[in-house]
Amino acid sequence: MLNTDLNLAAPDDVYEALVALHRDLTPEQSRLVNAKLILLLANHVGDAEVLRQAMAKARAGIAPAGRDGTRPVTA
Amino acid sequence: MDGSAARQTDYQALVLDYVRSPDQDAARPVRHPVIVVGAGPVGLTAAIDLAQQGVPVVLLDEDDRLSTGSRAICFAKRTLEIWDRLGCGERMVETGVTWNLGKVFFRDEPVYSFNLLPEAGHRRPAFVNLQQYYAEGFLLERARALPHIDLRWKNRVTGLEAGPEGVALTIETPEGEYRLACDWLVAADGARSPIRKAMGLESRGQSFRDRFLIADIRLEAEAAAAFPTERWFWFDPPFHPNQSVLLHKQPDGVWRIDFQLGWEADPVAERQPERVIPRIQALLGREARFTLEWVSIYTFACLRMERFRHGRVLFAGDAAHGVSPFGARGANSGVQDAENLAWKLRLVLAGQAPETLLDSYDAERVLAADENILNSTRSTDFITPKNEASRAFRDATLALARDCGFARSLVNSGRLSLPSTYRDSPLNTPDTDTFAGPMVPGAPAADAPVRRGGEAGWFLAQLGGGFTGTYFSDGGALPPALLDALRSLALGPVPVQPLVVAPPGLPPAAMPGLTILEDSEGLLARRYDARPGSFYLLRPDQHVAGRWRHVAPALVQAALARAIGQDGGTAC
Ligand SMILES: Cc1cc2nc3c(=O)[nH]c(=O)nc-3n(C[C@H](O)[C@H](O)[C@H](O)COP(=O)(O)OP(=O)(O)OC[C@H]3O[C@@H](n4cnc5c(N)ncnc54)[C@H](O)[C@@H]3O)c2cc1C
């Protein structure tokens, strides 16, 4: 089960560290750093079910307004 | 036959003569039990498998040439095992370039390597690389050696009427049109499948917005010496920044190079030698001496038909499904379609199995296609990120791969073809006893070294064309009741060939009417998690139908009935 209650001893410190991580980065560099961070944490968490719950939580309430590079084909 | 003789035939130049068939002069359309349309790797495999089992086959192809251009090169272990059963695996391996190792580079550093066959005790390697025209040429020669195959080149199917009782075809030849009829039609007519179109059916999926330059080059020995017989894949190498490159060796000093170009690349301009040669020189060095064999620009898609069986028409290979080539899953999966279908068609034609057995072809191979599409889509997503976020995850994975073990496992340059396990197939008899390991009902049989009559051989080579019952003994004499039970398996209308396996080192006593194999290195029992008394029922396509810790004839008969689609009934 994904824990959505407070689990950090010093939440403000962690939040600040997350923001500070990106202070001198371009958006593209930030995206890369975030992606690395997510991969490292995902592997550390290890539980695919918890990760799925976290992904669903992260996506919830966001109405899709983009699309990716694949296209449907019919042959 | 040996490889040097094979090389005397230039399979790329071979012209296959149109020969008039007496069917073209018949007053009424001649009816055949099975017609296979398309003599690509899949149609040829299907035709050989059927003919080898005694089913007469007409094989039609619109062309008079084998495969041209850059197509399949990586043929997987399972495909080689199937072709072994069909009598032409050895030539493929002799001529092909054997490899098991893959290396992945990020920029100019190696980040990941994989061994696709880390254990010994298998007859066939993980892969051989072989130009598709060789594979087709060797299949063709095998087909020609079989009395039951009627091969007709320059026979193009232009019309078709499929009904509940059979299929009628209109065929165009250099000497005009004629008509044929058949009980069953195997549509192995490739990605554009005119038969699929004629029946108003579709294959659906997704295409990837990317272009690849695929060059087959002939490289002089000195330049080639720098590259071992491994699959090398680069992400963002200095010689082709921001894109990926794949380098792979084929027979005759030919190398396959794939350059990712991106969606914006001009497919016409990029094919010109003045564009291609500098790209290759950037990889090999300016002094490398090579000639261009084939150059093409490809885009890739993953798609499949909703169902592969439509009454009396059975779709197989690229006609039924398509994948991007990064897992080498196209021809390899099509060959598995063919072998899945052949024994089922044979039993249905012989009246030994209900027509509904063919629905299991659909169920099993649709599942396999989904597995192949899933793997190939994941690889393509990694190689061709779909959006900025997926690009960020890809680049993050590659950057972390240098010093984080977990990230190396995420690097995906192609998860290469493995046969599917038909885990939930209706033909399986679910386990009632406890076994460990991968040889679950529905799994393709693993190979292992065995000795038969003192001679070293391989387990898979002992499995004939039908069902096999493998009994693992303790090496001692079998009780008479068990001997009778095993022998009686061979006597039913759908015979089960009994094999008795004895542990290593114990020269097994002869048992009249039974084949005895020595498990020479103990690997067979280990791979099947077998103990004395264990019994495996294997299908004609060498997938596990059922297994028990203690064999009882009634259990085997019930499993056999189930495996031939006689649900709840018996085979006798
Ligand atoms: C660049 C590239 C690399 C690849 N690499 C690999 C790889 O490494 N490993 C792998 O397994 N796969 C690979 N593939 C895929 C592989 O080439 C195909 O999956 C394979 O050829 C499919 O075989 P098939 O017999 O289904 O169809 P095809 O080979 O397309 O054969 C279809 C046949 O049907 C005939 N035909 C068509 N219409 C008619 C008609 N109306 N009447 C009569 N005959 C007709 C055609 O003449 C043709 O001979 C690769 C493909 C590409 C493009």
# chains A, B, ... in the order shown; residues from 1 in each chain; ligands from 1
call {"tool": "residues_around", "arguments": {"residues": "Gln336 (chain B)", "least_positions_apart": "2", "cutoff": "9 Å", "atoms": "only C-alpha atoms", "output": "list in words"}}
result
Val42, Arg78, Thr79, Ile82, Gly317, Ala331, Asn332, Ser333, Gly334, Ala338, Glu339, Asn340, Leu341, Arg365, Pro419 and Asp541 of chain B
call {"tool": "write_last_selection", "arguments": {"atoms": "all heavy atoms", "output": "compact mmCIF listing (two decimals), in the first residue's frame"}}
result
# COMPACT_ATOMS: atom_id res chain seq x y z
N VAL B 42 7.89 -18.56 -43.55
CA VAL B 42 6.77 -19.14 -42.81
C VAL B 42 6.01 -20.15 -43.67
O VAL B 42 5.74 -21.28 -43.24
CB VAL B 42 5.84 -18.02 -42.29
CG1 VAL B 42 4.64 -18.59 -41.56
CG2 VAL B 42 6.64 -17.08 -41.38
N ARG B 78 15.11 -21.53 -30.93
CA ARG B 78 13.89 -22.33 -31.11
C ARG B 78 13.60 -22.57 -32.60
O ARG B 78 13.17 -23.64 -32.99
CB ARG B 78 12.70 -21.64 -30.43
CG ARG B 78 11.40 -22.41 -30.52
CD ARG B 78 11.47 -23.75 -29.79
NE ARG B 78 10.46 -24.67 -30.30
CZ ARG B 78 10.58 -26.00 -30.32
NH1 ARG B 78 11.67 -26.58 -29.85
NH2 ARG B 78 9.63 -26.74 -30.79
N THR B 79 13.85 -21.55 -33.42
CA THR B 79 13.64 -21.70 -34.86
C THR B 79 14.58 -22.78 -35.41
O THR B 79 14.17 -23.61 -36.22
CB THR B 79 13.91 -20.35 -35.56
OG1 THR B 79 13.02 -19.39 -34.98
CG2 THR B 79 13.69 -20.42 -37.04
N ILE B 82 13.27 -26.11 -34.53
CA ILE B 82 12.14 -26.50 -35.41
C ILE B 82 12.70 -26.97 -36.75
O ILE B 82 12.28 -28.00 -37.28
CB ILE B 82 11.17 -25.31 -35.58
CG1 ILE B 82 10.48 -25.00 -34.25
CG2 ILE B 82 10.15 -25.59 -36.67
CD1 ILE B 82 9.69 -23.69 -34.23
N GLY B 317 2.52 -15.87 -39.75
CA GLY B 317 3.66 -15.01 -40.07
C GLY B 317 3.25 -13.56 -40.20
O GLY B 317 2.30 -13.10 -39.55
N ALA B 331 10.35 -13.28 -38.35
CA ALA B 331 10.43 -14.61 -38.94
C ALA B 331 10.42 -15.68 -37.85
O ALA B 331 9.78 -16.72 -37.99
CB ALA B 331 11.69 -14.74 -39.80
N ASN B 332 11.12 -15.40 -36.75
CA ASN B 332 11.19 -16.41 -35.69
C ASN B 332 9.80 -16.76 -35.17
O ASN B 332 9.48 -17.93 -34.97
CB ASN B 332 12.09 -15.92 -34.55
CG ASN B 332 13.57 -15.99 -34.95
OD1 ASN B 332 14.04 -17.03 -35.40
ND2 ASN B 332 14.28 -14.89 -34.82
N SER B 333 8.96 -15.75 -34.94
CA SER B 333 7.63 -16.07 -34.43
C SER B 333 6.77 -16.71 -35.53
O SER B 333 5.95 -17.59 -35.25
CB SER B 333 6.95 -14.84 -33.85
OG SER B 333 6.67 -13.91 -34.86
N GLY B 334 6.98 -16.30 -36.77
CA GLY B 334 6.21 -16.89 -37.87
C GLY B 334 6.50 -18.38 -38.04
O GLY B 334 5.60 -19.18 -38.33
N ALA B 338 3.90 -21.57 -37.84
CA ALA B 338 3.79 -22.66 -38.81
C ALA B 338 3.82 -24.01 -38.12
O ALA B 338 3.02 -24.89 -38.41
CB ALA B 338 4.94 -22.56 -39.83
N GLU B 339 4.71 -24.16 -37.15
CA GLU B 339 4.79 -25.48 -36.53
C GLU B 339 3.63 -25.72 -35.58
O GLU B 339 3.19 -26.85 -35.41
CB GLU B 339 6.15 -25.71 -35.87
CG GLU B 339 6.26 -25.36 -34.42
CD GLU B 339 7.22 -26.33 -33.69
OE1 GLU B 339 7.66 -27.33 -34.28
OE2 GLU B 339 7.51 -26.08 -32.54
N ASN B 340 3.09 -24.66 -35.00
CA ASN B 340 1.91 -24.82 -34.16
C ASN B 340 0.72 -25.30 -34.99
O ASN B 340 -0.09 -26.12 -34.55
CB ASN B 340 1.58 -23.47 -33.49
CG ASN B 340 0.48 -23.57 -32.46
OD1 ASN B 340 -0.67 -23.81 -32.81
ND2 ASN B 340 0.82 -23.39 -31.19
N LEU B 341 0.65 -24.77 -36.19
CA LEU B 341 -0.49 -25.07 -37.07
C LEU B 341 -0.39 -26.45 -37.72
O LEU B 341 -1.39 -27.15 -37.86
CB LEU B 341 -0.56 -23.98 -38.15
CG LEU B 341 -1.69 -24.05 -39.16
CD1 LEU B 341 -3.04 -24.08 -38.46
CD2 LEU B 341 -1.61 -22.84 -40.10
N ARG B 365 -1.32 -18.69 -30.69
CA ARG B 365 -0.42 -17.82 -31.46
C ARG B 365 -0.80 -16.33 -31.36
O ARG B 365 0.05 -15.47 -31.56
CB ARG B 365 -0.32 -18.28 -32.91
CG ARG B 365 0.33 -19.66 -33.07
CD ARG B 365 1.64 -19.83 -32.30
NE ARG B 365 2.67 -18.87 -32.71
CZ ARG B 365 3.81 -18.67 -32.07
NH1 ARG B 365 4.08 -19.34 -30.96
NH2 ARG B 365 4.68 -17.79 -32.50
N PRO B 419 10.83 -18.43 -27.47
CA PRO B 419 9.52 -19.01 -27.77
C PRO B 419 8.55 -18.74 -26.62
O PRO B 419 8.96 -18.62 -25.47
CB PRO B 419 9.82 -20.51 -27.88
CG PRO B 419 11.09 -20.71 -27.11
CD PRO B 419 11.86 -19.44 -27.22
N ASP B 541 4.58 -30.39 -31.51
CA ASP B 541 5.42 -29.21 -31.64
C ASP B 541 6.34 -29.05 -30.42
O ASP B 541 6.90 -27.97 -30.21
CB ASP B 541 4.58 -27.94 -31.87
CG ASP B 541 3.56 -27.70 -30.77
OD1 ASP B 541 3.59 -28.41 -29.74
OD2 ASP B 541 2.71 -26.79 -30.92
call {"tool": "residues_near_ligand", "arguments": {"ligand": "ligand 1", "cutoff": "6 Å", "atoms": "only C-alpha atoms and all ligand atoms", "output": "mmCIF file with N, CA, C and O atoms, in the first residue's frame"}}
result
data_model
loop_
_atom_site.group_PDB
_atom_site.id
_atom_site.type_symbol
_atom_site.label_atom_id
_atom_site.label_comp_id
_atom_site.auth_asym_id
_atom_site.auth_seq_id
_atom_site.Cartn_x
_atom_site.Cartn_y
_atom_site.Cartn_z
ATOM 1 N N VAL B 37 -0.278 -20.260 -49.204
ATOM 2 C CA VAL B 37 0.036 -19.132 -50.082
ATOM 3 C C VAL B 37 1.203 -18.352 -49.478
ATOM 4 O O VAL B 37 1.122 -17.880 -48.342
ATOM 5 N N GLY B 38 2.279 -18.249 -50.250
ATOM 6 C CA GLY B 38 3.456 -17.512 -49.795
ATOM 7 C C GLY B 38 4.594 -18.462 -49.447
ATOM 8 O O GLY B 38 4.480 -19.258 -48.520
ATOM 9 N N ALA B 39 5.680 -18.393 -50.226
ATOM 10 C CA ALA B 39 6.845 -19.245 -49.962
ATOM 11 C C ALA B 39 7.949 -18.426 -49.318
ATOM 12 O O ALA B 39 9.107 -18.492 -49.712
ATOM 13 N N GLY B 40 7.598 -17.630 -48.318
ATOM 14 C CA GLY B 40 8.591 -16.991 -47.447
ATOM 15 C C GLY B 40 8.995 -18.025 -46.395
ATOM 16 O O GLY B 40 8.625 -19.195 -46.487
ATOM 17 N N PRO B 41 9.744 -17.597 -45.395
ATOM 18 C CA PRO B 41 10.178 -18.558 -44.376
ATOM 19 C C PRO B 41 9.007 -19.268 -43.694
ATOM 20 O O PRO B 41 9.115 -20.440 -43.333
ATOM 21 N N VAL B 42 7.892 -18.564 -43.547
ATOM 22 C CA VAL B 42 6.767 -19.139 -42.812
ATOM 23 C C VAL B 42 6.009 -20.151 -43.667
ATOM 24 O O VAL B 42 5.739 -21.282 -43.244
ATOM 25 N N GLY B 43 5.683 -19.762 -44.902
ATOM 26 C CA GLY B 43 4.977 -20.688 -45.794
ATOM 27 C C GLY B 43 5.806 -21.928 -46.093
ATOM 28 O O GLY B 43 5.281 -23.051 -46.123
ATOM 29 N N LEU B 60 1.953 -21.952 -53.188
ATOM 30 C CA LEU B 60 1.878 -20.972 -54.271
ATOM 31 C C LEU B 60 2.678 -19.723 -53.900
ATOM 32 O O LEU B 60 2.601 -19.244 -52.771
ATOM 33 N N ASP B 61 3.439 -19.207 -54.855
ATOM 34 C CA ASP B 61 4.082 -17.907 -54.621
ATOM 35 C C ASP B 61 4.030 -17.091 -55.896
ATOM 36 O O ASP B 61 4.265 -17.600 -56.991
ATOM 37 N N GLU B 62 3.756 -15.803 -55.727
ATOM 38 C CA GLU B 62 3.597 -14.940 -56.900
ATOM 39 C C GLU B 62 4.927 -14.637 -57.578
ATOM 40 O O GLU B 62 4.976 -14.227 -58.720
ATOM 41 N N ASP B 63 6.013 -14.845 -56.851
ATOM 42 C CA ASP B 63 7.326 -14.410 -57.311
ATOM 43 C C ASP B 63 8.092 -15.599 -57.909
ATOM 44 O O ASP B 63 7.620 -16.740 -57.878
ATOM 45 N N SER B 70 17.563 -6.258 -47.566
ATOM 46 C CA SER B 70 17.934 -6.472 -46.165
ATOM 47 C C SER B 70 16.706 -6.925 -45.403
ATOM 48 O O SER B 70 15.824 -6.123 -45.133
ATOM 49 N N ARG B 71 16.675 -8.179 -45.068
ATOM 50 C CA ARG B 71 15.549 -8.647 -44.248
ATOM 51 C C ARG B 71 16.122 -9.430 -43.072
ATOM 52 O O ARG B 71 17.167 -9.086 -42.570
ATOM 53 N N ALA B 72 15.436 -10.495 -42.636
ATOM 54 C CA ALA B 72 15.851 -11.156 -41.396
ATOM 55 C C ALA B 72 17.295 -11.635 -41.465
ATOM 56 O O ALA B 72 17.753 -12.117 -42.502
ATOM 57 N N ILE B 73 18.002 -11.478 -40.338
ATOM 58 C CA ILE B 73 19.325 -12.096 -40.223
ATOM 59 C C ILE B 73 19.449 -12.949 -38.964
ATOM 60 O O ILE B 73 20.209 -13.901 -38.948
ATOM 61 N N CYS B 74 18.717 -12.616 -37.905
ATOM 62 C CA CYS B 74 18.916 -13.341 -36.643
ATOM 63 C C CYS B 74 17.888 -14.453 -36.499
ATOM 64 O O CYS B 74 16.689 -14.171 -36.360
ATOM 65 N N PHE B 75 18.337 -15.671 -36.542
ATOM 66 C CA PHE B 75 17.436 -16.807 -36.368
ATOM 67 C C PHE B 75 17.714 -17.451 -35.012
ATOM 68 O O PHE B 75 18.848 -17.770 -34.677
ATOM 69 N N ASN B 155 2.688 -17.965 -59.357
ATOM 70 C CA ASN B 155 1.274 -18.266 -59.165
ATOM 71 C C ASN B 155 0.750 -17.274 -58.143
ATOM 72 O O ASN B 155 0.983 -17.414 -56.942
ATOM 73 N N ARG B 156 0.066 -16.254 -58.644
ATOM 74 C CA ARG B 156 -0.405 -15.197 -57.760
ATOM 75 C C ARG B 156 -1.890 -15.383 -57.458
ATOM 76 O O ARG B 156 -2.711 -15.461 -58.378
ATOM 77 N N VAL B 157 -2.203 -15.443 -56.177
ATOM 78 C CA VAL B 157 -3.612 -15.536 -55.797
ATOM 79 C C VAL B 157 -4.236 -14.163 -56.002
ATOM 80 O O VAL B 157 -3.771 -13.179 -55.432
ATOM 81 N N THR B 158 -5.287 -14.111 -56.843
ATOM 82 C CA THR B 158 -5.920 -12.818 -57.115
ATOM 83 C C THR B 158 -7.357 -12.768 -56.614
ATOM 84 O O THR B 158 -7.952 -11.702 -56.542
ATOM 85 N N ALA B 188 0.175 -17.319 -45.740
ATOM 86 C CA ALA B 188 1.499 -16.874 -45.269
ATOM 87 C C ALA B 188 2.029 -15.909 -46.312
ATOM 88 O O ALA B 188 3.157 -16.015 -46.771
ATOM 89 N N ASP B 189 1.162 -14.974 -46.700
ATOM 90 C CA ASP B 189 1.465 -14.116 -47.845
ATOM 91 C C ASP B 189 2.009 -12.751 -47.429
ATOM 92 O O ASP B 189 1.888 -11.785 -48.182
ATOM 93 N N GLY B 190 2.607 -12.690 -46.246
ATOM 94 C CA GLY B 190 3.412 -11.524 -45.886
ATOM 95 C C GLY B 190 2.626 -10.338 -45.354
ATOM 96 O O GLY B 190 1.397 -10.352 -45.259
ATOM 97 N N ALA B 191 3.375 -9.284 -44.999
ATOM 98 C CA ALA B 191 2.808 -8.137 -44.290
ATOM 99 C C ALA B 191 1.648 -7.481 -45.038
ATOM 100 O O ALA B 191 0.698 -7.004 -44.431
ATOM 101 N N SER B 193 -0.351 -8.987 -47.096
ATOM 102 C CA SER B 193 -1.340 -10.062 -47.260
ATOM 103 C C SER B 193 -2.540 -9.762 -48.160
ATOM 104 O O SER B 193 -3.594 -9.328 -47.689
ATOM 105 N N PRO B 194 -2.408 -10.014 -49.445
ATOM 106 C CA PRO B 194 -3.560 -9.842 -50.333
ATOM 107 C C PRO B 194 -4.767 -10.696 -49.905
ATOM 108 O O PRO B 194 -5.909 -10.298 -50.141
ATOM 109 N N GLY B 317 2.516 -15.870 -39.753
ATOM 110 C CA GLY B 317 3.661 -15.012 -40.072
ATOM 111 C C GLY B 317 3.249 -13.559 -40.199
ATOM 112 O O GLY B 317 2.300 -13.099 -39.554
ATOM 113 N N ASP B 318 3.987 -12.824 -41.035
ATOM 114 C CA ASP B 318 3.754 -11.383 -41.176
ATOM 115 C C ASP B 318 2.327 -11.056 -41.620
ATOM 116 O O ASP B 318 1.848 -9.953 -41.380
ATOM 117 N N ALA B 319 1.662 -11.975 -42.284
ATOM 118 C CA ALA B 319 0.268 -11.733 -42.679
ATOM 119 C C ALA B 319 -0.591 -11.530 -41.435
ATOM 120 O O ALA B 319 -1.522 -10.732 -41.428
ATOM 121 N N PRO B 325 11.911 -4.779 -35.879
ATOM 122 C CA PRO B 325 12.869 -5.887 -35.925
ATOM 123 C C PRO B 325 13.816 -5.983 -34.735
ATOM 124 O O PRO B 325 14.650 -6.876 -34.713
ATOM 125 N N ALA B 328 14.239 -9.377 -33.213
ATOM 126 C CA ALA B 328 14.337 -10.490 -34.162
ATOM 127 C C ALA B 328 13.156 -11.445 -33.992
ATOM 128 O O ALA B 328 13.310 -12.651 -33.903
ATOM 129 N N ARG B 329 11.982 -10.873 -33.927
ATOM 130 C CA ARG B 329 10.822 -11.686 -33.599
ATOM 131 C C ARG B 329 9.892 -11.937 -34.787
ATOM 132 O O ARG B 329 8.883 -12.613 -34.648
ATOM 133 N N GLY B 330 10.190 -11.366 -35.961
ATOM 134 C CA GLY B 330 9.288 -11.515 -37.104
ATOM 135 C C GLY B 330 9.287 -12.922 -37.660
ATOM 136 O O GLY B 330 8.339 -13.691 -37.463
ATOM 137 N N ALA B 331 10.347 -13.280 -38.354
ATOM 138 C CA ALA B 331 10.427 -14.615 -38.939
ATOM 139 C C ALA B 331 10.420 -15.679 -37.852
ATOM 140 O O ALA B 331 9.780 -16.723 -37.993
ATOM 141 N N ASN B 332 11.122 -15.400 -36.748
ATOM 142 C CA ASN B 332 11.187 -16.413 -35.691
ATOM 143 C C ASN B 332 9.796 -16.759 -35.165
ATOM 144 O O ASN B 332 9.477 -17.929 -34.966
ATOM 145 N N GLY B 334 6.979 -16.299 -36.767
ATOM 146 C CA GLY B 334 6.210 -16.894 -37.865
ATOM 147 C C GLY B 334 6.502 -18.379 -38.041
ATOM 148 O O GLY B 334 5.600 -19.175 -38.326
#
call {"tool": "closest_residue", "arguments": {"among": "A:Ala63, A:Asp68, A:Leu39, A:Thr26", "to": "Leu51 (chain A)", "atoms": "only C-alpha atoms"}}
result
A:Leu39
call {"tool": "closest_residue", "arguments": {"among": "A:Leu32, A:Leu41, A:Ala56, A:Val50", "to": "chain B", "atoms": "only C-alpha atoms"}}
result
A:Leu32
call {"tool": "interface_residues", "arguments": {"of": "chain A", "to": "chain B", "cutoff": "8 Å", "atoms": "only C-alpha atoms", "output": "PyMOL selection string"}}
result
chain A and resi 31-33+35-36+39+43+68-75
call {"tool": "write_last_selection", "arguments": {"atoms": "all heavy atoms", "output": "mmCIF file, in the first residue's frame"}}
result
data_model
loop_
_atom_site.group_PDB
_atom_site.id
_atom_site.type_symbol
_atom_site.label_atom_id
_atom_site.label_comp_id
_atom_site.auth_asym_id
_atom_site.auth_seq_id
_atom_site.Cartn_x
_atom_site.Cartn_y
_atom_site.Cartn_z
ATOM 1 N N ARG A 31 14.467 17.821 -16.252
ATOM 2 C CA ARG A 31 13.699 16.637 -16.628
ATOM 3 C C ARG A 31 14.568 15.390 -16.477
ATOM 4 O O ARG A 31 14.119 14.354 -15.992
ATOM 5 C CB ARG A 31 13.206 16.796 -18.061
ATOM 6 C CG ARG A 31 11.987 15.965 -18.333
ATOM 7 C CD ARG A 31 11.545 16.078 -19.780
ATOM 8 N NE ARG A 31 10.946 17.343 -20.092
ATOM 9 C CZ ARG A 31 11.300 18.106 -21.123
ATOM 10 N NH1 ARG A 31 12.259 17.707 -21.936
ATOM 11 N NH2 ARG A 31 10.701 19.234 -21.357
ATOM 12 N N LEU A 32 15.837 15.507 -16.869
ATOM 13 C CA LEU A 32 16.742 14.367 -16.764
ATOM 14 C C LEU A 32 17.000 14.002 -15.301
ATOM 15 O O LEU A 32 16.959 12.829 -14.923
ATOM 16 C CB LEU A 32 18.061 14.691 -17.479
ATOM 17 C CG LEU A 32 19.099 13.572 -17.490
ATOM 18 C CD1 LEU A 32 18.583 12.363 -18.281
ATOM 19 C CD2 LEU A 32 20.414 14.066 -18.103
ATOM 20 N N VAL A 33 17.219 15.026 -14.493
ATOM 21 C CA VAL A 33 17.472 14.772 -13.074
ATOM 22 C C VAL A 33 16.242 14.118 -12.432
ATOM 23 O O VAL A 33 16.358 13.141 -11.683
ATOM 24 C CB VAL A 33 17.859 16.087 -12.355
ATOM 25 C CG1 VAL A 33 17.857 15.892 -10.846
ATOM 26 C CG2 VAL A 33 19.220 16.563 -12.841
ATOM 27 N N ALA A 35 14.012 12.335 -13.896
ATOM 28 C CA ALA A 35 13.872 10.968 -14.400
ATOM 29 C C ALA A 35 14.834 10.037 -13.664
ATOM 30 O O ALA A 35 14.461 8.930 -13.258
ATOM 31 C CB ALA A 35 14.130 10.932 -15.908
ATOM 32 N N LYS A 36 16.065 10.508 -13.452
ATOM 33 C CA LYS A 36 17.024 9.676 -12.706
ATOM 34 C C LYS A 36 16.530 9.414 -11.290
ATOM 35 O O LYS A 36 16.614 8.297 -10.775
ATOM 36 C CB LYS A 36 18.391 10.372 -12.628
ATOM 37 C CG LYS A 36 19.203 10.326 -13.886
ATOM 38 C CD LYS A 36 20.555 10.962 -13.555
ATOM 39 C CE LYS A 36 21.525 10.935 -14.689
ATOM 40 N NZ LYS A 36 22.764 11.636 -14.348
ATOM 41 N N LEU A 39 13.778 6.858 -11.247
ATOM 42 C CA LEU A 39 14.283 5.503 -11.465
ATOM 43 C C LEU A 39 14.986 4.968 -10.214
ATOM 44 O O LEU A 39 14.783 3.820 -9.816
ATOM 45 C CB LEU A 39 15.249 5.479 -12.658
ATOM 46 C CG LEU A 39 14.607 5.675 -14.040
ATOM 47 C CD1 LEU A 39 15.691 5.864 -15.099
ATOM 48 C CD2 LEU A 39 13.713 4.493 -14.412
ATOM 49 N N ASN A 43 13.493 1.813 -8.022
ATOM 50 C CA ASN A 43 14.251 0.601 -7.742
ATOM 51 C C ASN A 43 14.390 0.385 -6.242
ATOM 52 O O ASN A 43 14.316 -0.736 -5.754
ATOM 53 C CB ASN A 43 15.627 0.698 -8.399
ATOM 54 C CG ASN A 43 16.442 -0.550 -8.164
ATOM 55 O OD1 ASN A 43 16.052 -1.633 -8.600
ATOM 56 N ND2 ASN A 43 17.545 -0.422 -7.447
ATOM 57 N N ASP A 68 1.620 11.166 -27.788
ATOM 58 C CA ASP A 68 3.004 10.787 -28.033
ATOM 59 C C ASP A 68 3.227 10.542 -29.522
ATOM 60 O O ASP A 68 2.354 10.823 -30.350
ATOM 61 C CB ASP A 68 3.414 9.603 -27.152
ATOM 62 C CG ASP A 68 2.735 8.316 -27.531
ATOM 63 O OD1 ASP A 68 2.264 8.190 -28.681
ATOM 64 O OD2 ASP A 68 2.685 7.411 -26.677
ATOM 65 N N GLY A 69 4.424 10.064 -29.848
ATOM 66 C CA GLY A 69 4.830 9.994 -31.248
ATOM 67 C C GLY A 69 4.333 8.781 -32.008
ATOM 68 O O GLY A 69 4.632 8.644 -33.194
ATOM 69 N N THR A 70 3.577 7.895 -31.373
ATOM 70 C CA THR A 70 3.098 6.727 -32.126
ATOM 71 C C THR A 70 1.806 7.083 -32.840
ATOM 72 O O THR A 70 1.098 8.010 -32.455
ATOM 73 C CB THR A 70 2.847 5.539 -31.190
ATOM 74 O OG1 THR A 70 1.935 5.953 -30.179
ATOM 75 C CG2 THR A 70 4.133 5.069 -30.549
ATOM 76 N N ARG A 71 1.514 6.387 -33.895
ATOM 77 C CA ARG A 71 0.300 6.624 -34.664
ATOM 78 C C ARG A 71 -0.395 5.285 -34.891
ATOM 79 O O ARG A 71 0.284 4.289 -35.150
ATOM 80 C CB ARG A 71 0.651 7.196 -36.040
ATOM 81 C CG ARG A 71 1.262 8.594 -36.013
ATOM 82 C CD ARG A 71 0.198 9.652 -35.691
ATOM 83 N NE ARG A 71 0.781 10.984 -35.631
ATOM 84 C CZ ARG A 71 1.303 11.520 -34.523
ATOM 85 N NH1 ARG A 71 1.326 10.854 -33.389
ATOM 86 N NH2 ARG A 71 1.814 12.732 -34.544
ATOM 87 N N PRO A 72 -1.723 5.286 -34.806
ATOM 88 C CA PRO A 72 -2.393 4.025 -35.129
ATOM 89 C C PRO A 72 -2.199 3.667 -36.609
ATOM 90 O O PRO A 72 -2.157 4.563 -37.453
ATOM 91 C CB PRO A 72 -3.869 4.309 -34.818
ATOM 92 C CG PRO A 72 -3.994 5.776 -34.640
ATOM 93 C CD PRO A 72 -2.639 6.358 -34.451
ATOM 94 N N VAL A 73 -2.037 2.398 -36.887
ATOM 95 C CA VAL A 73 -1.964 1.957 -38.291
ATOM 96 C C VAL A 73 -2.939 0.820 -38.520
ATOM 97 O O VAL A 73 -3.217 0.021 -37.632
ATOM 98 C CB VAL A 73 -0.571 1.423 -38.723
ATOM 99 C CG1 VAL A 73 0.395 2.517 -38.984
ATOM 100 C CG2 VAL A 73 -0.017 0.396 -37.758
ATOM 101 N N THR A 74 -3.424 0.765 -39.736
ATOM 102 C CA THR A 74 -4.270 -0.339 -40.164
ATOM 103 C C THR A 74 -3.716 -0.812 -41.490
ATOM 104 O O THR A 74 -3.446 0.004 -42.365
ATOM 105 C CB THR A 74 -5.718 0.150 -40.346
ATOM 106 O OG1 THR A 74 -6.129 0.741 -39.122
ATOM 107 C CG2 THR A 74 -6.653 -0.990 -40.682
ATOM 108 N N ALA A 75 -3.501 -2.109 -41.629
ATOM 109 C CA ALA A 75 -3.001 -2.650 -42.897
ATOM 110 C C ALA A 75 -3.920 -3.762 -43.376
ATOM 111 O O ALA A 75 -4.598 -4.382 -42.585
ATOM 112 C CB ALA A 75 -1.596 -3.177 -42.739
#
call {"tool": "select_by_dssp", "arguments": {"residues": "region 11-134 of chain B", "states": "strand (DSSP E)", "output": "ChimeraX atom specification"}}
result
/B:30-37,57-60,74-76,97-99,101-106,109-115,127-129
call {"tool": "residues_around", "arguments": {"residues": "region 242-254 of chain B", "least_positions_apart": "2", "cutoff": "7 Å", "atoms": "only C-alpha atoms", "output": "PyMOL selection string"}}
result
chain B and resi 95-97+129-131+216-219+229-236+240+256-261
